[in-house]
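A short write-up of the structure that comes next.
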Amino acid sequence: MEMNDLMIMLNARSLNLEMDSWEWKWNKDKKFSVKSFYNVLLRFHKEYVAPIEPFPHKLVWEAKIPLNAKFFCWSLFRGRILTKDKLFDRNISGDNLCILCNDNKVETSLHLFLDCSVSAQVWQALIGHLTRAGIILAAESVKMFLTNWPSLHSRGFGEIIWDILPFAALWVIWNHRNRLIFEQEPVEVNKMVQQIKNTVWAWLDVEWNYRSRKKDHKFSDFICNWAGLITDQW
């Protein structure tokens, strides 16, 4: 920039005695945000091609589940969890077979959480009474499974449980698989189903503190029998 250009720019500014402040020109409110900065970087990246569909980040980060479960589900969405197929490709595991079902099938994320015979039994126990259970579980990826998880056409406690259910099931299946590998814990479908129900109850208690409202509802009994209260209404 030449001196004349600098003087022209300065002459166009009116100075006063007020305190100076920073403004972020990439946002309408002139305030910095990580999102706006990220978008600026993408716009200046010549090789970047914007996705046709935006990534459904709200599906995970706005879910009413604990933060560690959000991180897990986000990693699962992004294909970052270390299933045995990935460990095998990195020469960390001696085989890439699913230890949960032991059916000589490669352990991918899709297999472990949806196609595995053990996981299938878990899902059958949870939502098998619904007429569209087969459609719900026939997803091409775990991401699509969560994205297409249907809404329950009812209001109240049952709706909250239904929204949390898939996250709790994925969380328990993953942790049960890890205990099987590192602690040789036996595979017990009934125990996994009960752990999922317990997890839903624990997450609800953390987020909404429903224990304090027992005078209006017997929530403990409700949670134990919640599967039968969710009906095929969507």
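In the structure tokens, the first chain shown is A, the next is B, and so on; residue numbers restart at 1 for each chain, and ligands run from 1 in the order shown.
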
Restrict the calculation to only C-alpha atoms, then for each residue of region 97-161 of chain A with any atom at most 10 Å from an atom of region 201-205 of chain A give the closest atom pair and their distance in Å to one decimal, rows by chain and rising residue number, as JSON lines.
{"residue": "A:Phe157", "atom": "CA", "partner": "A:Leu204", "partner_atom": "CA", "distance": 9.8}
{"residue": "A:Ile160", "atom": "CA", "partner": "A:Leu204", "partner_atom": "CA", "distance": 8.4}
{"residue": "A:Ile161", "atom": "CA", "partner": "A:Leu204", "partner_atom": "CA", "distance": 8.1}

Restrict the calculation to only C-alpha atoms, then for each residue of region 42-130 of chain A with any atom at most 12 Å from an atom of region 192-196 of chain A give the closest atom pair and their distance in Å to one decimal, rows by chain and rising residue number, as JSON lines.
{"residue": "A:Leu100", "atom": "CA", "partner": "A:Met192", "partner_atom": "CA", "distance": 11.9}
{"residue": "A:Val118", "atom": "CA", "partner": "A:Met192", "partner_atom": "CA", "distance": 9.8}
{"residue": "A:Ser119", "atom": "CA", "partner": "A:Met192", "partner_atom": "CA", "distance": 9.3}
{"residue": "A:Ala120", "atom": "CA", "partner": "A:Val193", "partner_atom": "CA", "distance": 11.3}
{"residue": "A:Gln121", "atom": "CA", "partner": "A:Val193", "partner_atom": "CA", "distance": 9.2}
{"residue": "A:Val122", "atom": "CA", "partner": "A:Val193", "partner_atom": "CA", "distance": 6.0}
{"residue": "A:Trp123", "atom": "CA", "partner": "A:Val193", "partner_atom": "CA", "distance": 8.4}
{"residue": "A:Gln124", "atom": "CA", "partner": "A:Val193", "partner_atom": "CA", "distance": 9.8}
{"residue": "A:Ala125", "atom": "CA", "partner": "A:Val193", "partner_atom": "CA", "distance": 7.1}
{"residue": "A:Leu126", "atom": "CA", "partner": "A:Val193", "partner_atom": "CA", "distance": 7.2}
{"residue": "A:Ile127", "atom": "CA", "partner": "A:Val193", "partner_atom": "CA", "distance": 11.0}

In region 140-173 of chain A, DSSP helix (DSSP H, G or I) residues written as JSON, numbers by chain: {"A": [142, 143, 144, 145, 146, 147, 157, 158, 159, 160, 161, 162, 163, 164, 165, 166, 167, 168, 169, 170, 171, 172, 173]}

Same residues, N, CA, C and O atoms, saved as a PDB file, in the first residue's frame:
ATOM      1  N   VAL A 142     -24.796 -46.292  10.263  1.00  0.00           N
ATOM      2  CA  VAL A 142     -25.300 -45.862  11.563  1.00  0.00           C
ATOM      3  C   VAL A 142     -25.742 -44.407  11.494  1.00  0.00           C
ATOM      4  O   VAL A 142     -26.713 -44.002  12.139  1.00  0.00           O
ATOM      5  N   LYS A 143     -25.028 -43.613  10.710  1.00  0.00           N
ATOM      6  CA  LYS A 143     -25.410 -42.212  10.525  1.00  0.00           C
ATOM      7  C   LYS A 143     -26.817 -42.103   9.951  1.00  0.00           C
ATOM      8  O   LYS A 143     -27.650 -41.325  10.440  1.00  0.00           O
ATOM      9  N   MET A 144     -27.114 -42.892   8.925  1.00  0.00           N
ATOM     10  CA  MET A 144     -28.434 -42.865   8.321  1.00  0.00           C
ATOM     11  C   MET A 144     -29.476 -43.411   9.288  1.00  0.00           C
ATOM     12  O   MET A 144     -30.616 -42.943   9.321  1.00  0.00           O
ATOM     13  N   PHE A 145     -29.086 -44.379  10.088  1.00  0.00           N
ATOM     14  CA  PHE A 145     -29.991 -44.940  11.085  1.00  0.00           C
ATOM     15  C   PHE A 145     -30.447 -43.871  12.072  1.00  0.00           C
ATOM     16  O   PHE A 145     -31.648 -43.729  12.347  1.00  0.00           O
ATOM     17  N   LEU A 146     -29.508 -43.088  12.596  1.00  0.00           N
ATOM     18  CA  LEU A 146     -29.861 -42.031  13.541  1.00  0.00           C
ATOM     19  C   LEU A 146     -30.596 -40.880  12.850  1.00  0.00           C
ATOM     20  O   LEU A 146     -31.531 -40.309  13.400  1.00  0.00           O
ATOM     21  N   THR A 147     -30.138 -40.545  11.644  1.00  0.00           N
ATOM     22  CA  THR A 147     -30.768 -39.445  10.910  1.00  0.00           C
ATOM     23  C   THR A 147     -32.228 -39.753  10.601  1.00  0.00           C
ATOM     24  O   THR A 147     -33.093 -38.869  10.669  1.00  0.00           O
ATOM     25  N   PHE A 157     -43.716 -38.142  28.364  1.00  0.00           N
ATOM     26  CA  PHE A 157     -42.554 -38.910  28.774  1.00  0.00           C
ATOM     27  C   PHE A 157     -42.137 -39.938  27.728  1.00  0.00           C
ATOM     28  O   PHE A 157     -40.952 -40.178  27.504  1.00  0.00           O
ATOM     29  N   GLY A 158     -43.117 -40.555  27.079  1.00  0.00           N
ATOM     30  CA  GLY A 158     -42.812 -41.558  26.067  1.00  0.00           C
ATOM     31  C   GLY A 158     -42.008 -40.992  24.915  1.00  0.00           C
ATOM     32  O   GLY A 158     -41.109 -41.649  24.384  1.00  0.00           O
ATOM     33  N   GLU A 159     -42.297 -39.764  24.514  1.00  0.00           N
ATOM     34  CA  GLU A 159     -41.567 -39.122  23.416  1.00  0.00           C
ATOM     35  C   GLU A 159     -40.113 -38.876  23.802  1.00  0.00           C
ATOM     36  O   GLU A 159     -39.205 -39.072  22.987  1.00  0.00           O
ATOM     37  N   ILE A 160     -39.885 -38.442  25.045  1.00  0.00           N
ATOM     38  CA  ILE A 160     -38.525 -38.179  25.507  1.00  0.00           C
ATOM     39  C   ILE A 160     -37.717 -39.464  25.497  1.00  0.00           C
ATOM     40  O   ILE A 160     -36.564 -39.507  25.044  1.00  0.00           O
ATOM     41  N   ILE A 161     -38.309 -40.539  25.991  1.00  0.00           N
ATOM     42  CA  ILE A 161     -37.640 -41.840  26.025  1.00  0.00           C
ATOM     43  C   ILE A 161     -37.302 -42.306  24.611  1.00  0.00           C
ATOM     44  O   ILE A 161     -36.194 -42.787  24.342  1.00  0.00           O
ATOM     45  N   TRP A 162     -38.252 -42.149  23.705  1.00  0.00           N
ATOM     46  CA  TRP A 162     -38.056 -42.595  22.325  1.00  0.00           C
ATOM     47  C   TRP A 162     -36.885 -41.862  21.665  1.00  0.00           C
ATOM     48  O   TRP A 162     -36.103 -42.459  20.925  1.00  0.00           O
ATOM     49  N   ASP A 163     -36.753 -40.576  21.921  1.00  0.00           N
ATOM     50  CA  ASP A 163     -35.672 -39.793  21.321  1.00  0.00           C
ATOM     51  C   ASP A 163     -34.307 -40.206  21.864  1.00  0.00           C
ATOM     52  O   ASP A 163     -33.300 -40.151  21.144  1.00  0.00           O
ATOM     53  N   ILE A 164     -34.240 -40.604  23.126  1.00  0.00           N
ATOM     54  CA  ILE A 164     -32.973 -40.989  23.746  1.00  0.00           C
ATOM     55  C   ILE A 164     -32.589 -42.425  23.424  1.00  0.00           C
ATOM     56  O   ILE A 164     -31.408 -42.769  23.372  1.00  0.00           O
ATOM     57  N   LEU A 165     -33.588 -43.255  23.187  1.00  0.00           N
ATOM     58  CA  LEU A 165     -33.371 -44.699  23.037  1.00  0.00           C
ATOM     59  C   LEU A 165     -32.236 -45.096  22.092  1.00  0.00           C
ATOM     60  O   LEU A 165     -31.372 -45.893  22.479  1.00  0.00           O
ATOM     61  N   PRO A 166     -32.175 -44.615  20.841  1.00  0.00           N
ATOM     62  CA  PRO A 166     -31.132 -45.102  19.934  1.00  0.00           C
ATOM     63  C   PRO A 166     -29.722 -44.775  20.419  1.00  0.00           C
ATOM     64  O   PRO A 166     -28.813 -45.591  20.260  1.00  0.00           O
ATOM     65  N   PHE A 167     -29.540 -43.611  21.045  1.00  0.00           N
ATOM     66  CA  PHE A 167     -28.231 -43.236  21.564  1.00  0.00           C
ATOM     67  C   PHE A 167     -27.825 -44.155  22.716  1.00  0.00           C
ATOM     68  O   PHE A 167     -26.679 -44.591  22.806  1.00  0.00           O
ATOM     69  N   ALA A 168     -28.773 -44.442  23.600  1.00  0.00           N
ATOM     70  CA  ALA A 168     -28.491 -45.321  24.736  1.00  0.00           C
ATOM     71  C   ALA A 168     -28.145 -46.728  24.259  1.00  0.00           C
ATOM     72  O   ALA A 168     -27.228 -47.368  24.795  1.00  0.00           O
ATOM     73  N   ALA A 169     -28.857 -47.216  23.249  1.00  0.00           N
ATOM     74  CA  ALA A 169     -28.595 -48.561  22.737  1.00  0.00           C
ATOM     75  C   ALA A 169     -27.205 -48.651  22.107  1.00  0.00           C
ATOM     76  O   ALA A 169     -26.457 -49.606  22.356  1.00  0.00           O
ATOM     77  N   LEU A 170     -26.841 -47.675  21.293  1.00  0.00           N
ATOM     78  CA  LEU A 170     -25.515 -47.673  20.668  1.00  0.00           C
ATOM     79  C   LEU A 170     -24.426 -47.610  21.732  1.00  0.00           C
ATOM     80  O   LEU A 170     -23.398 -48.297  21.637  1.00  0.00           O
ATOM     81  N   TRP A 171     -24.629 -46.777  22.744  1.00  0.00           N
ATOM     82  CA  TRP A 171     -23.669 -46.614  23.833  1.00  0.00           C
ATOM     83  C   TRP A 171     -23.461 -47.925  24.584  1.00  0.00           C
ATOM     84  O   TRP A 171     -22.328 -48.323  24.858  1.00  0.00           O
ATOM     85  N   VAL A 172     -24.545 -48.611  24.924  1.00  0.00           N
ATOM     86  CA  VAL A 172     -24.454 -49.861  25.690  1.00  0.00           C
ATOM     87  C   VAL A 172     -23.839 -50.974  24.850  1.00  0.00           C
ATOM     88  O   VAL A 172     -23.013 -51.749  25.341  1.00  0.00           O
ATOM     89  N   ILE A 173     -24.227 -51.077  23.579  1.00  0.00           N
ATOM     90  CA  ILE A 173     -23.646 -52.106  22.710  1.00  0.00           C
ATOM     91  C   ILE A 173     -22.133 -51.938  22.614  1.00  0.00           C
ATOM     92  O   ILE A 173     -21.382 -52.909  22.702  1.00  0.00           O
TER      93      ILE A 173
END

Give me the residues near Asn27 (chain A) as an mmCIF file with all heavy atoms, in the first residue's frame, where near means some atom within 12 Å (using only C-alpha atoms) and where sequence neighbours in that chain fewer than 2 positions away do not count.
data_model
loop_
_atom_site.group_PDB
_atom_site.id
_atom_site.type_symbol
_atom_site.label_atom_id
_atom_site.label_comp_id
_atom_site.auth_asym_id
_atom_site.auth_seq_id
_atom_site.Cartn_x
_atom_site.Cartn_y
_atom_site.Cartn_z
ATOM 1 N N GLU A 23 -14.067 -5.367 15.767
ATOM 2 C CA GLU A 23 -15.256 -5.815 15.059
ATOM 3 C C GLU A 23 -14.880 -6.945 14.122
ATOM 4 O O GLU A 23 -13.820 -6.910 13.492
ATOM 5 C CB GLU A 23 -15.884 -4.668 14.246
ATOM 6 C CG GLU A 23 -16.549 -3.601 15.070
ATOM 7 C CD GLU A 23 -17.288 -2.584 14.210
ATOM 8 O OE1 GLU A 23 -17.153 -2.674 12.962
ATOM 9 O OE2 GLU A 23 -17.992 -1.727 14.769
ATOM 10 N N TRP A 24 -15.739 -7.939 14.050
ATOM 11 C CA TRP A 24 -15.525 -9.080 13.159
ATOM 12 C C TRP A 24 -16.411 -8.892 11.930
ATOM 13 O O TRP A 24 -17.630 -9.017 12.005
ATOM 14 C CB TRP A 24 -15.878 -10.375 13.907
ATOM 15 C CG TRP A 24 -15.702 -11.630 13.105
ATOM 16 C CD1 TRP A 24 -16.686 -12.440 12.637
ATOM 17 C CD2 TRP A 24 -14.470 -12.234 12.687
ATOM 18 N NE1 TRP A 24 -16.157 -13.502 11.955
ATOM 19 C CE2 TRP A 24 -14.790 -13.397 11.964
ATOM 20 C CE3 TRP A 24 -13.122 -11.881 12.857
ATOM 21 C CZ2 TRP A 24 -13.816 -14.229 11.420
ATOM 22 C CZ3 TRP A 24 -12.155 -12.717 12.300
ATOM 23 C CH2 TRP A 24 -12.502 -13.869 11.606
ATOM 24 N N LYS A 25 -15.798 -8.571 10.808
ATOM 25 C CA LYS A 25 -16.567 -8.173 9.631
ATOM 26 C C LYS A 25 -17.304 -9.332 8.962
ATOM 27 O O LYS A 25 -18.150 -9.111 8.092
ATOM 28 C CB LYS A 25 -15.662 -7.489 8.612
ATOM 29 C CG LYS A 25 -14.630 -8.405 7.960
ATOM 30 C CD LYS A 25 -13.839 -7.628 6.908
ATOM 31 C CE LYS A 25 -12.837 -8.499 6.183
ATOM 32 N NZ LYS A 25 -12.100 -7.745 5.144
ATOM 33 N N ASP A 29 -23.536 -9.299 13.154
ATOM 34 C CA ASP A 29 -23.522 -8.601 14.447
ATOM 35 C C ASP A 29 -22.126 -8.120 14.833
ATOM 36 O O ASP A 29 -21.923 -7.593 15.933
ATOM 37 C CB ASP A 29 -24.086 -9.496 15.548
ATOM 38 C CG ASP A 29 -23.284 -10.785 15.713
ATOM 39 O OD1 ASP A 29 -22.252 -10.944 15.025
ATOM 40 O OD2 ASP A 29 -23.697 -11.624 16.526
ATOM 41 N N LYS A 30 -21.152 -8.294 13.922
ATOM 42 C CA LYS A 30 -19.769 -7.839 14.123
ATOM 43 C C LYS A 30 -19.059 -8.564 15.276
ATOM 44 O O LYS A 30 -18.035 -8.105 15.755
ATOM 45 C CB LYS A 30 -19.721 -6.330 14.377
ATOM 46 C CG LYS A 30 -20.354 -5.490 13.286
ATOM 47 C CD LYS A 30 -19.678 -5.692 11.939
ATOM 48 C CE LYS A 30 -20.290 -4.809 10.860
ATOM 49 N NZ LYS A 30 -19.657 -5.010 9.537
ATOM 50 N N LYS A 31 -19.618 -9.724 15.703
ATOM 51 C CA LYS A 31 -19.010 -10.487 16.779
ATOM 52 C C LYS A 31 -18.387 -11.767 16.233
ATOM 53 O O LYS A 31 -18.954 -12.424 15.357
ATOM 54 C CB LYS A 31 -20.038 -10.822 17.850
ATOM 55 C CG LYS A 31 -20.580 -9.606 18.570
ATOM 56 C CD LYS A 31 -21.591 -10.000 19.637
ATOM 57 C CE LYS A 31 -22.137 -8.775 20.352
ATOM 58 N NZ LYS A 31 -23.140 -9.139 21.389
ATOM 59 N N PHE A 32 -17.227 -12.101 16.773
ATOM 60 C CA PHE A 32 -16.516 -13.291 16.296
ATOM 61 C C PHE A 32 -17.241 -14.554 16.728
ATOM 62 O O PHE A 32 -17.779 -14.639 17.835
ATOM 63 C CB PHE A 32 -15.098 -13.308 16.859
ATOM 64 C CG PHE A 32 -14.353 -14.580 16.540
ATOM 65 C CD1 PHE A 32 -13.729 -14.757 15.314
ATOM 66 C CD2 PHE A 32 -14.294 -15.609 17.477
ATOM 67 C CE1 PHE A 32 -13.054 -15.916 15.017
ATOM 68 C CE2 PHE A 32 -13.620 -16.779 17.188
ATOM 69 C CZ PHE A 32 -12.992 -16.935 15.958
ATOM 70 N N SER A 33 -17.244 -15.541 15.838
ATOM 71 C CA SER A 33 -17.732 -16.877 16.173
ATOM 72 C C SER A 33 -16.884 -17.895 15.430
ATOM 73 O O SER A 33 -16.391 -17.620 14.329
ATOM 74 C CB SER A 33 -19.215 -17.048 15.803
ATOM 75 O OG SER A 33 -19.378 -17.068 14.396
ATOM 76 N N VAL A 34 -16.715 -19.042 16.038
ATOM 77 C CA VAL A 34 -15.916 -20.100 15.404
ATOM 78 C C VAL A 34 -16.554 -20.520 14.088
ATOM 79 O O VAL A 34 -15.874 -20.786 13.087
ATOM 80 C CB VAL A 34 -15.783 -21.297 16.361
ATOM 81 C CG1 VAL A 34 -15.087 -22.466 15.657
ATOM 82 C CG2 VAL A 34 -15.010 -20.900 17.612
ATOM 83 N N LYS A 35 -17.885 -20.583 14.061
ATOM 84 C CA LYS A 35 -18.585 -20.997 12.846
ATOM 85 C C LYS A 35 -18.289 -20.057 11.683
ATOM 86 O O LYS A 35 -18.015 -20.500 10.567
ATOM 87 C CB LYS A 35 -20.085 -21.051 13.114
ATOM 88 C CG LYS A 35 -20.906 -21.490 11.906
ATOM 89 C CD LYS A 35 -22.378 -21.545 12.237
ATOM 90 C CE LYS A 35 -23.185 -21.981 11.011
ATOM 91 N NZ LYS A 35 -24.642 -22.035 11.304
ATOM 92 N N SER A 36 -18.348 -18.725 11.938
ATOM 93 C CA SER A 36 -18.093 -17.776 10.865
ATOM 94 C C SER A 36 -16.645 -17.865 10.386
ATOM 95 O O SER A 36 -16.362 -17.759 9.188
ATOM 96 C CB SER A 36 -18.409 -16.349 11.319
ATOM 97 O OG SER A 36 -17.553 -15.945 12.375
ATOM 98 N N PHE A 37 -15.724 -18.065 11.323
ATOM 99 C CA PHE A 37 -14.318 -18.205 10.957
ATOM 100 C C PHE A 37 -14.097 -19.459 10.120
ATOM 101 O O PHE A 37 -13.351 -19.453 9.133
ATOM 102 C CB PHE A 37 -13.464 -18.239 12.221
ATOM 103 C CG PHE A 37 -11.978 -18.267 11.960
ATOM 104 C CD1 PHE A 37 -11.390 -17.379 11.079
ATOM 105 C CD2 PHE A 37 -11.172 -19.194 12.608
ATOM 106 C CE1 PHE A 37 -10.030 -17.401 10.830
ATOM 107 C CE2 PHE A 37 -9.810 -19.236 12.364
ATOM 108 C CZ PHE A 37 -9.233 -18.337 11.479
ATOM 109 N N TYR A 38 -14.751 -20.538 10.508
ATOM 110 C CA TYR A 38 -14.661 -21.796 9.752
ATOM 111 C C TYR A 38 -15.183 -21.598 8.330
ATOM 112 O O TYR A 38 -14.583 -22.057 7.348
ATOM 113 C CB TYR A 38 -15.461 -22.870 10.476
ATOM 114 C CG TYR A 38 -15.462 -24.219 9.801
ATOM 115 C CD1 TYR A 38 -14.323 -25.028 9.815
ATOM 116 C CD2 TYR A 38 -16.603 -24.692 9.157
ATOM 117 C CE1 TYR A 38 -14.323 -26.277 9.202
ATOM 118 C CE2 TYR A 38 -16.608 -25.935 8.538
ATOM 119 C CZ TYR A 38 -15.468 -26.715 8.566
ATOM 120 O OH TYR A 38 -15.474 -27.941 7.958
ATOM 121 N N ASN A 39 -16.317 -20.902 8.209
ATOM 122 C CA ASN A 39 -16.890 -20.656 6.882
ATOM 123 C C ASN A 39 -15.970 -19.786 6.023
ATOM 124 O O ASN A 39 -15.878 -19.976 4.809
ATOM 125 C CB ASN A 39 -18.258 -19.991 7.022
ATOM 126 C CG ASN A 39 -19.303 -20.942 7.569
ATOM 127 O OD1 ASN A 39 -19.199 -22.150 7.412
ATOM 128 N ND2 ASN A 39 -20.312 -20.391 8.230
ATOM 129 N N VAL A 40 -15.310 -18.817 6.654
ATOM 130 C CA VAL A 40 -14.359 -17.970 5.915
ATOM 131 C C VAL A 40 -13.208 -18.815 5.380
ATOM 132 O O VAL A 40 -12.799 -18.685 4.215
ATOM 133 C CB VAL A 40 -13.817 -16.846 6.818
ATOM 134 C CG1 VAL A 40 -12.658 -16.124 6.135
ATOM 135 C CG2 VAL A 40 -14.926 -15.859 7.148
#

So how far away is CA of Val200 (chain A) from CA of His129 (chain A), in Å?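 Straight-line distance from CA of His129 (chain A) to CA of Val200 (chain A) works out to 18.8 Å.
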
Distance CA of Leu67 (chain A)-CA of Thr199 (chain A), one decimal place?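 So the answer is 13.8 Å.
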
Identify, on the basis of only C-alpha atoms, every residue whose closest approach to region 75-90 of chain A does not exceed 8 Å; exclude the query and any residue fewer than 5 positions from it along the same chain; express the result as a short mmCIF file (atom, residue, chain, number, x, y, z; two decimals) with C-alpha atoms, in the first residue's frame.
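Result file result07.cif:
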data_model
loop_
_atom_site.label_atom_id
_atom_site.label_comp_id
_atom_site.auth_asym_id
_atom_site.auth_seq_id
_atom_site.Cartn_x
_atom_site.Cartn_y
_atom_site.Cartn_z
CA ASP A 95 -8.23 -60.29 12.99
CA ASN A 96 -11.16 -58.13 11.95
CA LEU A 97 -14.00 -60.42 13.02
CA CYS A 98 -16.88 -59.43 15.27
CA VAL A 106 -16.12 -58.48 9.75
CA GLU A 107 -16.71 -55.99 12.55
CA THR A 108 -17.61 -52.71 10.88
CA SER A 109 -19.69 -50.03 12.55
CA VAL A 142 -25.30 -45.86 11.56
CA LYS A 143 -25.41 -42.21 10.52
#

Between CA of Ala63 (chain A) and CA of Ala139 (chain A), measure the distance and give it in Å to one decimal. 20.3 Å

So which one's closest to Gly134 (chain A), A:Lys191, A:Gly94, A:Leu114, A:Glu185? Using only C-alpha atoms, please. A:Leu114
